[in-house]
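Here the structure comes first, spelled out in C-alpha cells, and everything after it is commentary.
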Amino acid sequence: MANVLAFAETRGGELRKVALEAMTAGRALADALGGELHAILLGPSGIESKAATLGAHGADVVYVAEHDAFATSAVEASAATAARLVGAGDYRVALFSASAQGKDLAPRVAAKVKAPVVDDVTQVQLQGDKVVVTHPMYANKLIGTLSLAGAPVVVSLRPNAVIPAQTARDTRVERVQPAVDPAAARVKVKEMIRGNTGKPDLGEAPVIVSGGRGLKAPENFALVEALADAFGNAAVGATRAVTDEGWRPHQDQIGQTGRLVSPDLYVAVGISGAIQHLAGMKTSRVIVAINKDREAPIFKIADYGVVGDAFEIVPALTEAVKKARAEQ
Amino acid sequence: MEARFKIAPDGASVDEAGLKYDIGDFDGYAVEVGLQITEKAGQGEVVVYSVGPAVVQETLRKALSMGATRAVQLETPAVPTDSLAIATALAAELEDGGYDLILFGKLALDSQNGAVGPMTAELLGLPCVTAASQLDITASSGTARRELEGAAEILEFPLPAVVTIDEGITRARLPSLKGIMGAKKKPLETKPAQVSDSRVTLTSLALPPERTGGRIIGEGAEAVPELVRLLQTEAKVL
Ligand SMILES: Cc1cc2nc3c(=O)[nH]c(=O)nc-3n(C[C@H](O)[C@H](O)[C@H](O)COP(=O)(O)OP(=O)(O)OC[C@H]3O[C@@H](n4cnc5c(N)ncnc54)[C@H](O)[C@@H]3O)c2cc1C
Ligand SMILES: Nc1ncnc2c1ncn2[C@@H]1O[C@H](COP(=O)(O)O)[C@@H](O)[C@H]1O
C-alpha cells in the first residue's frame, strides 16, 4: 500500500492556507491510492496544537517537530527532516506548496531522496504507475503535461489550485526530532522583514489593482492604493517599468520575471499590456483596463476596457466601488 | 524572451523553426551578477556551464559576449526534462571545487521548474539560497534577501555557496560589439555529460484557453457606473 506525504507550511507558528490546500490535494491522491495521508508539521513550540486542523483536512498521521528555529523557514533542517520522513515510508508522492518556502524546499528534498520534482503544478493525478501533472511552461505561454516515473515523486502545488476541504480522520500525532539541528544551519536567518501589513499577498488576493508608467509619479500610486482599499480585499501590483523606476518595490512586479497572479479581478491602470506583463496576469478571471490609448494592447485581453485619463477615472471608480460595497 | 511559441506536430515539443535561442532572463541576471562580483573584486573569473545539445552553445556564446571568461558544454542529445538529471551532470562536473559561488537563475523560462540550482547544491553539499532579490558577497561569506509572501528574510551564509537569482538585483548588460567579436575566440569546451536517468517526460503541450477580451465599455469617468454595474451583475466580482 502506498501513501502520500504532504508538507504543512507554517510561518511564525501559524499554519498557512496553502497547508490546508496541500492536505486537500494529498487526501485526494491518498484516496486514489487506497493509502494514507501523512502530514509534516514543523514549527516553534506549541505547533502541535495545529495537528487537529490538519486532521480535519484529511491527514491520517501528523509528524510534528517543534523547534524555535522553525518559526522561520529554517530550510536546511526542514529539508533534512522532510527527506528523512520521505525516505522512511512507502510514499508515491511527496507534496509541497509552490509558495516561496515550498519552492525552496521541494527540490532540496527531491535531491536528497533522488526523486524527480516538478514545481508549481496546477493538477496532480495518478495514471497507472505514473504521476501526471500540469505545469505552466515557456514563459507561461504554454501548459505542459508531465509524467513522472518512480516512487516517490515530489511536486509542489500552486497556491489556490485547490479549495481546502474538510474530511475528518482519526488522526494520529507522532513526535519526531529534527533530522539536523536547526540552530546549526549554515544559512542563517539574520532578520525577518514584515512587508505591506494589512494588505493580502499578491498570490492570495482575490482582487489586484496594478499601476503602470501611466501613473507618471510614485506619489500617484495613492490613487491605486485608494481603489484597492475600496475593494477591501485587494493587493497592489505594478509593472516592471514602475519597479525599475523605484516607484514600487520590485516584489510587487507582476509578469514574466515577477509574480504570476490569477485573481478573480485584475484592474490594470496606465499599463500598456506588454507581453511580459501579460504573462503574469493573463489567467485572471476578470480583467479591467483603464488606459488613455485606445490602441493599447491591454485592451485586447481586457473583459472591460475604459478609455481615458486614469487621474479622472480611478477616483470616480473608487467612490463608486465604496458606494456599491456600502449598499451590500 | 518575447517569442510566441508554436506547438510542434508531436504535441509535446515546441516548433523551433524561426525561434532564436537566447539566454533566459534570470540566467542573464546570474551571469551579470557574476561579472559584477569579479569586476568589483578586481579578480576572479566567470565560467559558464550548460547541459544540452549543440544549440546551448548559442546561450554560452551570449554569456561569453557579456564578459564570461570561458564556457563548458556538458553534452546530452537533448536538454533533459528531469531537473535532477541536469543537476547530477553539473554536480559531477563541479565536485572538485575551485569556485566561491555557483549562480543560477531563479528559474529557466522554458521549464519553469526552479529546481536545478537547489538540487545541484544538495548534491554538492553546499549551502544554498534560492530566489535572492539582493546579494552582497565578501571574500568568505554572503548576505542575501529573499522575498516571502508579504515578508522577506535576510540570510547570511559562508562561501562556497549556491545562489539562485531573482528579479531585483540587476539587469543583464547588452554585449558590446567588441564583446561579441571577442566571444568567438574565447574557449568553449564540449564534453559528455554524466546525467542520471530522466524520469520526467513531457507528454503534451497545450495553449492556455484564449481570452475573449477586447470589449471597450466607454470613455472617461462617465463609463464608471456601467463598469460597476457589469462588475456586479455580469462578472459578479463586486
Ligand atoms: C526580459 C524582460 C522581462 C520583463 N519582465 C516584465 C515583467 O515581469 N513585468 C512587466 O510588467 N514588464 C516586464 N518587462 C517590461 C515590459 O516589456 C514593458 O516594458 C513594461 O511592462 C511596460 O510597463 P508599463 O505598461 O507600465 O509602461 P508603458 O509601456 O510605458 O505603458 C504606460 C501606459 O500608460 C498609458 N497612460 C499614460 N498616461 C495615462 C493616463 N493619464 N491615464 C491612463 N493611461 C495612461 C499609456 O497609454 C501606456 O499604455 C520585461 C521586459 C524584458 C525585456
Ligand atoms: N540544461 C541546463 N544547463 C545548465 N544550467 C541549467 C540547465 N537547465 C537549467 N539550468 C539552470 O538552473 C536554473 C533553473 O532551471 P529550472 O530548474 O529548469 O527552472 C536555470 O535558470 C539555469 O541557471
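Identifiers in this document derive from the order of the C-alpha cells: chains are assigned A, B, ..., residues are numbered from 1 separately in each chain, and ligands are numbered from 1 in order of occurrence.
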
Exercise for the section: Please extract the residues at most 6 Å from ligand 1, counting only C-alpha atoms and all ligand atoms, and provide them as a PyMOL selection string, using the chain letters and residue numbers of this document. Expected result: (chain A and resi 212-214+239-242+253-258+270-274+276-277+290-293+296+308-311) or (chain B and resi 1+25)

Handout entry: Contacts with ligand 2 at most 7 Å, only C-alpha atoms and all ligand atoms counted, listed as JSON, numbers by chain
Key = {"B": [24, 26, 27, 49, 50, 51, 52, 79, 80, 83, 86, 103, 104, 105, 106, 107, 108, 109, 111, 112, 113, 114, 115, 116, 117]}

Grab the residues selected above and save them as a short mmCIF file (atom, residue, chain, number, x, y, z; two decimals), in the first residue's frame with N, CA, C and O atoms.
```cif
data_model
loop_
_atom_site.label_atom_id
_atom_site.label_comp_id
_atom_site.auth_asym_id
_atom_site.auth_seq_id
_atom_site.Cartn_x
_atom_site.Cartn_y
_atom_site.Cartn_z
N GLY B 24 18.07 32.81 -20.92
CA GLY B 24 16.85 33.13 -20.18
C GLY B 24 17.04 34.40 -19.36
O GLY B 24 18.16 34.76 -19.01
N PHE B 26 16.48 35.19 -16.22
CA PHE B 26 17.13 35.04 -14.91
C PHE B 26 18.57 34.56 -15.06
O PHE B 26 19.42 34.88 -14.23
N ASP B 27 18.85 33.80 -16.11
CA ASP B 27 20.24 33.38 -16.34
C ASP B 27 21.09 34.57 -16.78
O ASP B 27 22.27 34.66 -16.43
N TYR B 49 28.38 27.24 -17.64
CA TYR B 49 28.14 25.83 -17.95
C TYR B 49 26.73 25.67 -18.50
O TYR B 49 25.80 26.33 -18.05
N SER B 50 26.59 24.77 -19.46
CA SER B 50 25.25 24.43 -19.90
C SER B 50 25.19 22.95 -20.23
O SER B 50 26.13 22.40 -20.82
N VAL B 51 24.09 22.32 -19.86
CA VAL B 51 23.88 20.91 -20.15
C VAL B 51 22.90 20.81 -21.31
O VAL B 51 21.77 21.27 -21.20
N GLY B 52 23.34 20.23 -22.42
CA GLY B 52 22.41 20.09 -23.55
C GLY B 52 23.12 19.86 -24.86
O GLY B 52 24.35 19.73 -24.90
N VAL B 79 18.11 18.58 -24.07
CA VAL B 79 18.13 19.11 -22.71
C VAL B 79 17.21 18.22 -21.87
O VAL B 79 16.04 18.04 -22.21
N PRO B 80 17.73 17.61 -20.80
CA PRO B 80 16.89 16.70 -20.02
C PRO B 80 15.66 17.41 -19.44
O PRO B 80 15.75 18.58 -19.07
N SER B 83 14.97 17.76 -13.91
CA SER B 83 15.94 18.69 -13.32
C SER B 83 17.04 17.95 -12.57
O SER B 83 18.17 18.42 -12.50
N ILE B 86 19.89 17.07 -14.86
CA ILE B 86 20.76 18.23 -15.14
C ILE B 86 21.65 18.52 -13.94
O ILE B 86 22.86 18.71 -14.07
N LEU B 103 26.19 30.36 -9.37
CA LEU B 103 24.98 31.15 -9.58
C LEU B 103 24.06 30.46 -10.58
O LEU B 103 24.52 29.90 -11.59
N PHE B 104 22.78 30.52 -10.31
CA PHE B 104 21.75 30.00 -11.22
C PHE B 104 20.68 31.08 -11.40
O PHE B 104 20.58 32.00 -10.59
N GLY B 105 19.85 30.91 -12.42
CA GLY B 105 18.65 31.71 -12.50
C GLY B 105 17.64 31.17 -11.50
O GLY B 105 17.70 30.00 -11.11
N LYS B 106 16.68 32.02 -11.08
CA LYS B 106 15.62 31.54 -10.20
C LYS B 106 14.86 30.41 -10.89
O LYS B 106 14.51 29.42 -10.28
N LEU B 107 14.59 30.60 -12.18
CA LEU B 107 14.02 29.51 -12.97
C LEU B 107 14.37 29.71 -14.43
O LEU B 107 14.71 30.80 -14.86
N ALA B 108 14.32 28.61 -15.17
CA ALA B 108 14.52 28.67 -16.61
C ALA B 108 13.16 28.97 -17.23
O ALA B 108 12.15 28.42 -16.80
N LEU B 109 13.13 29.85 -18.22
CA LEU B 109 11.82 30.28 -18.75
C LEU B 109 11.11 29.17 -19.51
O LEU B 109 9.90 29.20 -19.64
N SER B 111 11.41 25.56 -18.87
CA SER B 111 10.93 24.52 -17.95
C SER B 111 10.15 25.10 -16.78
O SER B 111 9.27 24.45 -16.22
N GLN B 112 10.51 26.31 -16.36
CA GLN B 112 9.89 26.97 -15.19
C GLN B 112 9.86 26.07 -13.97
O GLN B 112 8.86 26.01 -13.26
N ASN B 113 10.96 25.38 -13.72
CA ASN B 113 10.95 24.44 -12.60
C ASN B 113 11.65 24.98 -11.36
O ASN B 113 11.35 24.57 -10.25
N GLY B 114 12.63 25.87 -11.56
CA GLY B 114 13.31 26.45 -10.39
C GLY B 114 13.99 25.42 -9.51
O GLY B 114 14.13 25.61 -8.31
N ALA B 115 14.40 24.32 -10.09
CA ALA B 115 14.88 23.19 -9.28
C ALA B 115 16.36 22.90 -9.45
O ALA B 115 17.00 22.39 -8.52
N VAL B 116 16.93 23.19 -10.61
CA VAL B 116 18.29 22.74 -10.89
C VAL B 116 19.30 23.32 -9.88
O VAL B 116 20.20 22.62 -9.41
N GLY B 117 19.12 24.59 -9.51
CA GLY B 117 20.06 25.23 -8.57
C GLY B 117 20.07 24.54 -7.21
O GLY B 117 21.11 24.01 -6.78
#
```

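Checking A:Lys130, A:Arg27, A:Arg11, A:Arg259 one by one against Thr203 of chain B, counting only C-alpha atoms, you find the shortest gap at A:Lys130.
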
Exercise for the section: Up to 7 Å from chain B, what residues of chain A turn up? Count only C-alpha atoms and give them as a ChimeraX atom specification. Expected result: /A:100,104,107-108,111-112,116,118-119,137-139,141-149,186-196,201,250,257-258,264-265,275,286,299-309,312-313,316-317,321

Practice task
Using only C-alpha atoms, find the one residue out of A:Thr72, A:Leu278, A:Ala165, A:Ala25 that sits nearest to Val124 of chain A.
Solution key: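 For Val124 of chain A, the nearest of the given residues is A:Ala25.
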
Handout entry: Point-to-point distance in Å for atom CA of Ala32 of chain A and atom CA of Ala59 of chain A
Key =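 We find that atom CA of Ala59 of chain A and atom CA of Ala32 of chain A lie 14.5 Å from each other.
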
Exercise for the section: Any chance you could list, as a PyMOL selection string, the residues in segment 71-223 of chain B that come up strand (DSSP E) when DSSP is run on the backbone? Expected result: chain B and resi 71-75+101-105+128-137+141-148+151-158+161-165+188-192+200-206+216-219

Practice task
Give the answer as one residue: which of B:Pro53, B:Gly67, B:Pro192, B:Gly28 has the shortest atom-to-atom distance to Ile180 of chain B, using only C-alpha atoms?
Solution key: B:Gly67

Practice task
Name all residues at most 6 Å from Asp120 of chain A (count only C-alpha atoms; drop same-chain ones fewer than 6 positions away) and give them as a list in words.
Solution key: Ala98, Ser156, Leu157 and Arg158 of chain A

Exercise for the section: Run DSSP on the backbone and give me the residues of segment 49-208 of chain B it puts in helix (DSSP H, G or I), as a PyMOL selection string. Expected result: chain B and resi 56-66+83-94+116-124+177-183
